[in-house]
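Raw contents of my_file08.txt, compact mmCIF, N, CA and C atoms:
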# COMPACT_ATOMS: atom_id res chain seq x y z
N MET C 1 61.00 126.04 123.40
CA MET C 1 62.44 126.04 123.31
C MET C 1 62.82 125.80 121.85
N PRO C 2 63.74 126.58 121.28
CA PRO C 2 64.12 126.40 119.87
C PRO C 2 64.92 125.11 119.67
N ALA C 3 64.76 124.54 118.50
CA ALA C 3 65.49 123.31 118.18
C ALA C 3 66.98 123.62 118.04
N SER C 4 67.79 122.74 118.57
CA SER C 4 69.24 122.96 118.45
C SER C 4 69.70 122.51 117.07
N PRO C 5 70.64 123.25 116.50
CA PRO C 5 71.12 122.87 115.17
C PRO C 5 71.88 121.55 115.25
N GLN C 6 71.69 120.74 114.25
CA GLN C 6 72.39 119.46 114.21
C GLN C 6 73.53 119.55 113.20
N ALA C 7 74.61 118.90 113.55
CA ALA C 7 75.75 118.87 112.64
C ALA C 7 75.36 118.08 111.39
N PRO C 8 75.81 118.53 110.24
CA PRO C 8 75.50 117.78 109.02
C PRO C 8 76.14 116.39 109.09
N ILE C 9 75.45 115.43 108.54
CA ILE C 9 75.95 114.07 108.51
C ILE C 9 76.79 113.90 107.25
N ALA C 10 78.03 113.49 107.45
CA ALA C 10 78.92 113.30 106.30
C ALA C 10 78.49 112.05 105.54
N PRO C 11 78.50 112.13 104.23
CA PRO C 11 78.11 110.95 103.45
C PRO C 11 79.15 109.85 103.60
N GLU C 12 78.69 108.62 103.51
CA GLU C 12 79.58 107.46 103.55
C GLU C 12 80.51 107.51 102.34
N PRO C 13 81.82 107.29 102.54
CA PRO C 13 82.72 107.27 101.38
C PRO C 13 82.30 106.17 100.40
N SER C 14 82.52 106.41 99.14
CA SER C 14 82.14 105.43 98.12
C SER C 14 82.99 104.16 98.27
N ILE C 15 82.52 103.09 97.67
CA ILE C 15 83.28 101.83 97.69
C ILE C 15 84.65 102.07 97.06
N THR C 16 84.67 102.79 95.94
CA THR C 16 85.94 103.06 95.27
C THR C 16 86.89 103.82 96.19
N ALA C 17 86.39 104.81 96.90
CA ALA C 17 87.24 105.58 97.81
C ALA C 17 87.78 104.71 98.94
N ARG C 18 86.95 103.81 99.44
CA ARG C 18 87.40 102.93 100.52
C ARG C 18 88.43 101.91 100.01
N VAL C 19 88.22 101.38 98.80
CA VAL C 19 89.20 100.47 98.21
C VAL C 19 90.52 101.21 97.96
N GLN C 20 90.43 102.42 97.43
CA GLN C 20 91.64 103.21 97.17
C GLN C 20 92.42 103.46 98.46
N ALA C 21 91.72 103.69 99.55
CA ALA C 21 92.38 103.91 100.83
C ALA C 21 93.17 102.68 101.26
N VAL C 22 92.61 101.48 101.04
CA VAL C 22 93.32 100.25 101.39
C VAL C 22 94.53 100.07 100.48
N VAL C 23 94.36 100.31 99.18
CA VAL C 23 95.48 100.20 98.24
C VAL C 23 96.58 101.18 98.64
N ASP C 24 96.21 102.41 98.96
CA ASP C 24 97.20 103.41 99.38
C ASP C 24 97.93 103.00 100.66
N TRP C 25 97.22 102.34 101.55
CA TRP C 25 97.79 101.87 102.81
C TRP C 25 98.82 100.76 102.55
N LEU C 26 98.56 99.90 101.55
CA LEU C 26 99.45 98.78 101.25
C LEU C 26 100.58 99.13 100.29
N ARG C 27 100.44 100.18 99.52
CA ARG C 27 101.44 100.54 98.50
C ARG C 27 102.85 100.65 99.03
N PRO C 28 103.10 101.30 100.16
CA PRO C 28 104.49 101.40 100.63
C PRO C 28 105.16 100.04 100.85
N ILE C 29 104.40 99.04 101.26
CA ILE C 29 104.95 97.70 101.45
C ILE C 29 105.37 97.12 100.09
N ILE C 30 104.51 97.28 99.10
CA ILE C 30 104.80 96.76 97.76
C ILE C 30 105.95 97.55 97.14
N GLN C 31 105.96 98.86 97.34
CA GLN C 31 107.02 99.70 96.78
C GLN C 31 108.38 99.40 97.41
N SER C 32 108.37 98.95 98.65
CA SER C 32 109.65 98.63 99.31
C SER C 32 110.36 97.47 98.64
N ASP C 33 109.63 96.65 97.88
CA ASP C 33 110.22 95.55 97.12
C ASP C 33 110.42 95.90 95.66
N GLY C 34 110.26 97.18 95.30
CA GLY C 34 110.50 97.62 93.93
C GLY C 34 109.30 97.55 93.01
N GLY C 35 108.15 97.22 93.56
CA GLY C 35 106.94 97.14 92.74
C GLY C 35 106.00 98.28 93.04
N ASP C 36 104.83 98.18 92.48
CA ASP C 36 103.77 99.15 92.76
C ASP C 36 102.45 98.54 92.31
N VAL C 37 101.38 99.14 92.75
CA VAL C 37 100.05 98.67 92.38
C VAL C 37 99.16 99.88 92.15
N GLU C 38 98.27 99.75 91.19
CA GLU C 38 97.36 100.83 90.82
C GLU C 38 95.93 100.29 90.83
N LEU C 39 95.03 101.05 91.43
CA LEU C 39 93.61 100.70 91.36
C LEU C 39 93.08 101.17 90.02
N VAL C 40 92.53 100.25 89.24
CA VAL C 40 92.03 100.58 87.90
C VAL C 40 90.53 100.82 87.92
N ASN C 41 89.78 99.92 88.57
CA ASN C 41 88.33 100.04 88.54
C ASN C 41 87.71 99.24 89.68
N VAL C 42 86.55 99.71 90.12
CA VAL C 42 85.72 98.95 91.05
C VAL C 42 84.34 98.90 90.41
N SER C 43 83.90 97.70 90.04
CA SER C 43 82.61 97.56 89.37
C SER C 43 81.47 97.58 90.39
N GLU C 44 80.27 97.80 89.90
CA GLU C 44 79.09 97.84 90.77
C GLU C 44 78.83 96.49 91.42
N ASP C 45 79.30 95.41 90.80
CA ASP C 45 79.07 94.08 91.38
C ASP C 45 80.22 93.61 92.28
N GLY C 46 81.11 94.54 92.67
CA GLY C 46 82.13 94.23 93.66
C GLY C 46 83.41 93.61 93.15
N VAL C 47 83.70 93.78 91.86
CA VAL C 47 84.95 93.28 91.31
C VAL C 47 85.94 94.44 91.22
N VAL C 48 87.09 94.27 91.86
CA VAL C 48 88.14 95.28 91.87
C VAL C 48 89.20 94.87 90.85
N GLN C 49 89.58 95.79 89.98
CA GLN C 49 90.65 95.55 89.03
C GLN C 49 91.86 96.36 89.46
N ILE C 50 93.01 95.67 89.56
CA ILE C 50 94.26 96.36 89.89
C ILE C 50 95.29 96.08 88.80
N ARG C 51 96.32 96.92 88.76
CA ARG C 51 97.41 96.72 87.80
C ARG C 51 98.72 96.79 88.58
N PHE C 52 99.55 95.76 88.41
CA PHE C 52 100.86 95.77 89.02
C PHE C 52 101.84 96.53 88.13
N HIS C 53 102.86 97.12 88.76
CA HIS C 53 103.91 97.84 88.06
C HIS C 53 105.27 97.44 88.64
N GLY C 54 106.31 97.82 87.91
CA GLY C 54 107.68 97.63 88.41
C GLY C 54 108.03 96.17 88.60
N ALA C 55 108.68 95.88 89.73
CA ALA C 55 109.17 94.53 90.01
C ALA C 55 108.05 93.51 90.14
N CYS C 56 106.82 93.96 90.32
CA CYS C 56 105.69 93.02 90.45
C CYS C 56 105.40 92.30 89.14
N ILE C 57 105.74 92.94 88.03
CA ILE C 57 105.47 92.34 86.73
C ILE C 57 106.41 91.15 86.54
N GLY C 58 105.83 89.98 86.39
CA GLY C 58 106.61 88.77 86.21
C GLY C 58 107.15 88.16 87.50
N CYS C 59 106.88 88.78 88.62
CA CYS C 59 107.36 88.26 89.90
C CYS C 59 106.59 87.01 90.28
N PRO C 60 107.29 85.94 90.67
CA PRO C 60 106.57 84.73 91.05
C PRO C 60 105.72 84.90 92.31
N SER C 61 105.99 85.90 93.11
CA SER C 61 105.21 86.14 94.33
C SER C 61 104.02 87.08 94.11
N ALA C 62 103.83 87.56 92.90
CA ALA C 62 102.75 88.53 92.64
C ALA C 62 101.38 87.93 92.96
N GLY C 63 101.18 86.65 92.66
CA GLY C 63 99.90 86.00 92.96
C GLY C 63 99.64 85.95 94.45
N MET C 64 100.68 85.68 95.22
CA MET C 64 100.52 85.65 96.67
C MET C 64 100.28 87.06 97.21
N THR C 65 100.98 88.04 96.66
CA THR C 65 100.75 89.43 97.06
C THR C 65 99.30 89.82 96.79
N LEU C 66 98.78 89.38 95.64
CA LEU C 66 97.40 89.69 95.29
C LEU C 66 96.44 89.05 96.28
N ARG C 67 96.55 87.74 96.50
CA ARG C 67 95.60 87.02 97.35
C ARG C 67 95.76 87.34 98.83
N GLU C 68 96.99 87.20 99.32
CA GLU C 68 97.22 87.32 100.76
C GLU C 68 97.38 88.77 101.23
N GLY C 69 97.74 89.65 100.35
CA GLY C 69 97.91 91.04 100.74
C GLY C 69 96.73 91.89 100.33
N LEU C 70 96.62 92.12 99.04
CA LEU C 70 95.60 93.03 98.53
C LEU C 70 94.18 92.51 98.73
N GLU C 71 93.88 91.35 98.19
CA GLU C 71 92.50 90.86 98.23
C GLU C 71 92.00 90.66 99.67
N ARG C 72 92.82 90.03 100.50
CA ARG C 72 92.40 89.77 101.88
C ARG C 72 92.12 91.07 102.62
N ASN C 73 93.01 92.05 102.50
CA ASN C 73 92.83 93.32 103.20
C ASN C 73 91.66 94.13 102.63
N ILE C 74 91.52 94.16 101.32
CA ILE C 74 90.42 94.91 100.72
C ILE C 74 89.08 94.31 101.14
N LYS C 75 88.94 92.98 101.06
CA LYS C 75 87.68 92.33 101.44
C LYS C 75 87.38 92.53 102.93
N GLU C 76 88.42 92.53 103.74
CA GLU C 76 88.25 92.72 105.18
C GLU C 76 87.71 94.12 105.49
N LYS C 77 88.24 95.11 104.80
CA LYS C 77 87.88 96.50 105.10
C LYS C 77 86.72 97.03 104.25
N VAL C 78 86.46 96.37 103.12
CA VAL C 78 85.36 96.77 102.24
C VAL C 78 84.58 95.50 101.88
N PRO C 79 83.68 95.07 102.76
CA PRO C 79 83.00 93.79 102.56
C PRO C 79 82.15 93.68 101.29
N GLU C 80 81.85 94.79 100.66
CA GLU C 80 81.08 94.74 99.40
C GLU C 80 81.91 94.15 98.26
N VAL C 81 83.23 94.12 98.41
CA VAL C 81 84.11 93.58 97.38
C VAL C 81 84.05 92.06 97.42
N ARG C 82 83.87 91.45 96.25
CA ARG C 82 83.80 89.99 96.20
C ARG C 82 85.00 89.38 95.50
N GLU C 83 85.76 90.18 94.74
CA GLU C 83 86.90 89.64 94.01
C GLU C 83 87.87 90.76 93.65
N VAL C 84 89.16 90.43 93.65
CA VAL C 84 90.20 91.37 93.20
C VAL C 84 90.97 90.66 92.11
N ILE C 85 91.02 91.29 90.93
CA ILE C 85 91.69 90.65 89.80
C ILE C 85 92.74 91.60 89.21
N PRO C 86 93.88 91.03 88.80
CA PRO C 86 94.89 91.85 88.12
C PRO C 86 94.57 91.95 86.63
N ILE C 87 94.88 93.09 86.06
CA ILE C 87 94.74 93.25 84.61
C ILE C 87 96.10 93.64 84.06
N GLY C 88 96.30 93.40 82.78
CA GLY C 88 97.57 93.72 82.13
C GLY C 88 97.75 95.21 81.90
N ALA C 89 98.89 95.54 81.37
CA ALA C 89 99.25 96.94 81.14
C ALA C 89 98.40 97.63 80.14

Is it possible to express this structure as structure tokens?
Amino acid sequence: MPASPQAPIAPEPSITARVQAVVDWLRPIIQSDGGDVELVNVSEDGVVQIRFHGACIGCPSAGMTLREGLERNIKEKVPEVREVIPIGA
């Protein structure tokens, strides 16, 4: 009996792609308050760099948005991430 063809196995999305998907998922919430966030870099050792824009710059709640929103969700969905840090403009 001939072997049946197997469907190709899709490669696992990269860590950067998975982090970007989480950032994209959260952006509308941040944008609704007049701010925005940009993924800058994901290092090989699991450090994610983001940049805030708009109303997030200088906002007293930006630290909470970073820890309770971005970092918590990114780490939950991409366990390879160990830290999320904001960088300046």

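The gap separating atom CA of Arg72 of chain C from atom C of Val48 of chain C is 12.6 Å, in Å to one decimal.
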
Coordinates-based distance that separates atom CA of Glu44 of chain C from atom CA of Glu68 of chain C (Å, one decimal): 23.2 Å

What's the separation between atom N of Ile87 of chain C and atom C of Leu70 of chain C, in Å to one decimal place? 12.7 Å

Between C:Asp36, C:Val84, C:Asp45, C:Ala21, which has the minimum distance to Ile57 of chain C (counting only N, CA and C atoms)?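 Comparing C:Asp36, C:Val84, C:Asp45, C:Ala21 against Ile57 of chain C, the winner is C:Asp36.
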
Per residue of segment 41-78 of chain C within 8 Å of segment 12-18 of chain C, what are the shortest atom pair and its distance in Å to one decimal, counting all atoms listed in the file, with rows by chain and residue number, as a Markdown table?
| residue | atom | partner | partner_atom | distance |
| --- | --- | --- | --- | --- |
| C:Asn41 | C | C:Thr16 | CA | 7.0 |
| C:Val42 | CA | C:Thr16 | CA | 5.9 |
| C:Ser43 | N | C:Thr16 | CA | 7.8 |
| C:Ile74 | CA | C:Arg18 | C | 7.3 |
| C:Lys77 | C | C:Arg18 | C | 6.7 |
| C:Val78 | CA | C:Arg18 | C | 6.4 |

Return as JSON the box centre and box size in Å, one decimal, for an axis-aligned box around all listed atoms of segment 56-65 of chain C padded by 8 Å per side.
{"center_x": 103.3, "center_y": 89.3, "center_z": 91.7, "size_x": 24.1, "size_y": 25.2, "size_z": 27.0}

Would you mind writing down, as a PyMOL selection string, each residue of chain C that DSSP on the backbone assigns to helix (DSSP H, G or I)? chain C and resi 15-31+62-77

For those residues, write N, CA and C atoms to a file as an mmCIF file, in the frame of the given file.
data_model
loop_
_atom_site.group_PDB
_atom_site.id
_atom_site.type_symbol
_atom_site.label_atom_id
_atom_site.label_comp_id
_atom_site.auth_asym_id
_atom_site.auth_seq_id
_atom_site.Cartn_x
_atom_site.Cartn_y
_atom_site.Cartn_z
ATOM 1 N N ILE C 15 82.520 103.090 97.670
ATOM 2 C CA ILE C 15 83.280 101.830 97.690
ATOM 3 C C ILE C 15 84.650 102.070 97.060
ATOM 4 N N THR C 16 84.670 102.790 95.940
ATOM 5 C CA THR C 16 85.940 103.060 95.270
ATOM 6 C C THR C 16 86.890 103.820 96.190
ATOM 7 N N ALA C 17 86.390 104.810 96.900
ATOM 8 C CA ALA C 17 87.240 105.580 97.810
ATOM 9 C C ALA C 17 87.780 104.710 98.940
ATOM 10 N N ARG C 18 86.950 103.810 99.440
ATOM 11 C CA ARG C 18 87.400 102.930 100.520
ATOM 12 C C ARG C 18 88.430 101.910 100.010
ATOM 13 N N VAL C 19 88.220 101.380 98.800
ATOM 14 C CA VAL C 19 89.200 100.470 98.210
ATOM 15 C C VAL C 19 90.520 101.210 97.960
ATOM 16 N N GLN C 20 90.430 102.420 97.430
ATOM 17 C CA GLN C 20 91.640 103.210 97.170
ATOM 18 C C GLN C 20 92.420 103.460 98.460
ATOM 19 N N ALA C 21 91.720 103.690 99.550
ATOM 20 C CA ALA C 21 92.380 103.910 100.830
ATOM 21 C C ALA C 21 93.170 102.680 101.260
ATOM 22 N N VAL C 22 92.610 101.480 101.040
ATOM 23 C CA VAL C 22 93.320 100.250 101.390
ATOM 24 C C VAL C 22 94.530 100.070 100.480
ATOM 25 N N VAL C 23 94.360 100.310 99.180
ATOM 26 C CA VAL C 23 95.480 100.200 98.240
ATOM 27 C C VAL C 23 96.580 101.180 98.640
ATOM 28 N N ASP C 24 96.210 102.410 98.960
ATOM 29 C CA ASP C 24 97.200 103.410 99.380
ATOM 30 C C ASP C 24 97.930 103.000 100.660
ATOM 31 N N TRP C 25 97.220 102.340 101.550
ATOM 32 C CA TRP C 25 97.790 101.870 102.810
ATOM 33 C C TRP C 25 98.820 100.760 102.550
ATOM 34 N N LEU C 26 98.560 99.900 101.550
ATOM 35 C CA LEU C 26 99.450 98.780 101.250
ATOM 36 C C LEU C 26 100.580 99.130 100.290
ATOM 37 N N ARG C 27 100.440 100.180 99.520
ATOM 38 C CA ARG C 27 101.440 100.540 98.500
ATOM 39 C C ARG C 27 102.850 100.650 99.030
ATOM 40 N N PRO C 28 103.100 101.300 100.160
ATOM 41 C CA PRO C 28 104.490 101.400 100.630
ATOM 42 C C PRO C 28 105.160 100.040 100.850
ATOM 43 N N ILE C 29 104.400 99.040 101.260
ATOM 44 C CA ILE C 29 104.950 97.700 101.450
ATOM 45 C C ILE C 29 105.370 97.120 100.090
ATOM 46 N N ILE C 30 104.510 97.280 99.100
ATOM 47 C CA ILE C 30 104.800 96.760 97.760
ATOM 48 C C ILE C 30 105.950 97.550 97.140
ATOM 49 N N GLN C 31 105.960 98.860 97.340
ATOM 50 C CA GLN C 31 107.020 99.700 96.780
ATOM 51 C C GLN C 31 108.380 99.400 97.410
ATOM 52 N N ALA C 62 103.830 87.560 92.900
ATOM 53 C CA ALA C 62 102.750 88.530 92.640
ATOM 54 C C ALA C 62 101.380 87.930 92.960
ATOM 55 N N GLY C 63 101.180 86.650 92.660
ATOM 56 C CA GLY C 63 99.900 86.000 92.960
ATOM 57 C C GLY C 63 99.640 85.950 94.450
ATOM 58 N N MET C 64 100.680 85.680 95.220
ATOM 59 C CA MET C 64 100.520 85.650 96.670
ATOM 60 C C MET C 64 100.280 87.060 97.210
ATOM 61 N N THR C 65 100.980 88.040 96.660
ATOM 62 C CA THR C 65 100.750 89.430 97.060
ATOM 63 C C THR C 65 99.300 89.820 96.790
ATOM 64 N N LEU C 66 98.780 89.380 95.640
ATOM 65 C CA LEU C 66 97.400 89.690 95.290
ATOM 66 C C LEU C 66 96.440 89.050 96.280
ATOM 67 N N ARG C 67 96.550 87.740 96.500
ATOM 68 C CA ARG C 67 95.600 87.020 97.350
ATOM 69 C C ARG C 67 95.760 87.340 98.830
ATOM 70 N N GLU C 68 96.990 87.200 99.320
ATOM 71 C CA GLU C 68 97.220 87.320 100.760
ATOM 72 C C GLU C 68 97.380 88.770 101.230
ATOM 73 N N GLY C 69 97.740 89.650 100.350
ATOM 74 C CA GLY C 69 97.910 91.040 100.740
ATOM 75 C C GLY C 69 96.730 91.890 100.330
ATOM 76 N N LEU C 70 96.620 92.120 99.040
ATOM 77 C CA LEU C 70 95.600 93.030 98.530
ATOM 78 C C LEU C 70 94.180 92.510 98.730
ATOM 79 N N GLU C 71 93.880 91.350 98.190
ATOM 80 C CA GLU C 71 92.500 90.860 98.230
ATOM 81 C C GLU C 71 92.000 90.660 99.670
ATOM 82 N N ARG C 72 92.820 90.030 100.500
ATOM 83 C CA ARG C 72 92.400 89.770 101.880
ATOM 84 C C ARG C 72 92.120 91.070 102.620
ATOM 85 N N ASN C 73 93.010 92.050 102.500
ATOM 86 C CA ASN C 73 92.830 93.320 103.200
ATOM 87 C C ASN C 73 91.660 94.130 102.630
ATOM 88 N N ILE C 74 91.520 94.160 101.320
ATOM 89 C CA ILE C 74 90.420 94.910 100.720
ATOM 90 C C ILE C 74 89.080 94.310 101.140
ATOM 91 N N LYS C 75 88.940 92.980 101.060
ATOM 92 C CA LYS C 75 87.680 92.330 101.440
ATOM 93 C C LYS C 75 87.380 92.530 102.930
ATOM 94 N N GLU C 76 88.420 92.530 103.740
ATOM 95 C CA GLU C 76 88.250 92.720 105.180
ATOM 96 C C GLU C 76 87.710 94.120 105.490
ATOM 97 N N LYS C 77 88.240 95.110 104.800
ATOM 98 C CA LYS C 77 87.880 96.500 105.100
ATOM 99 C C LYS C 77 86.720 97.030 104.250
#
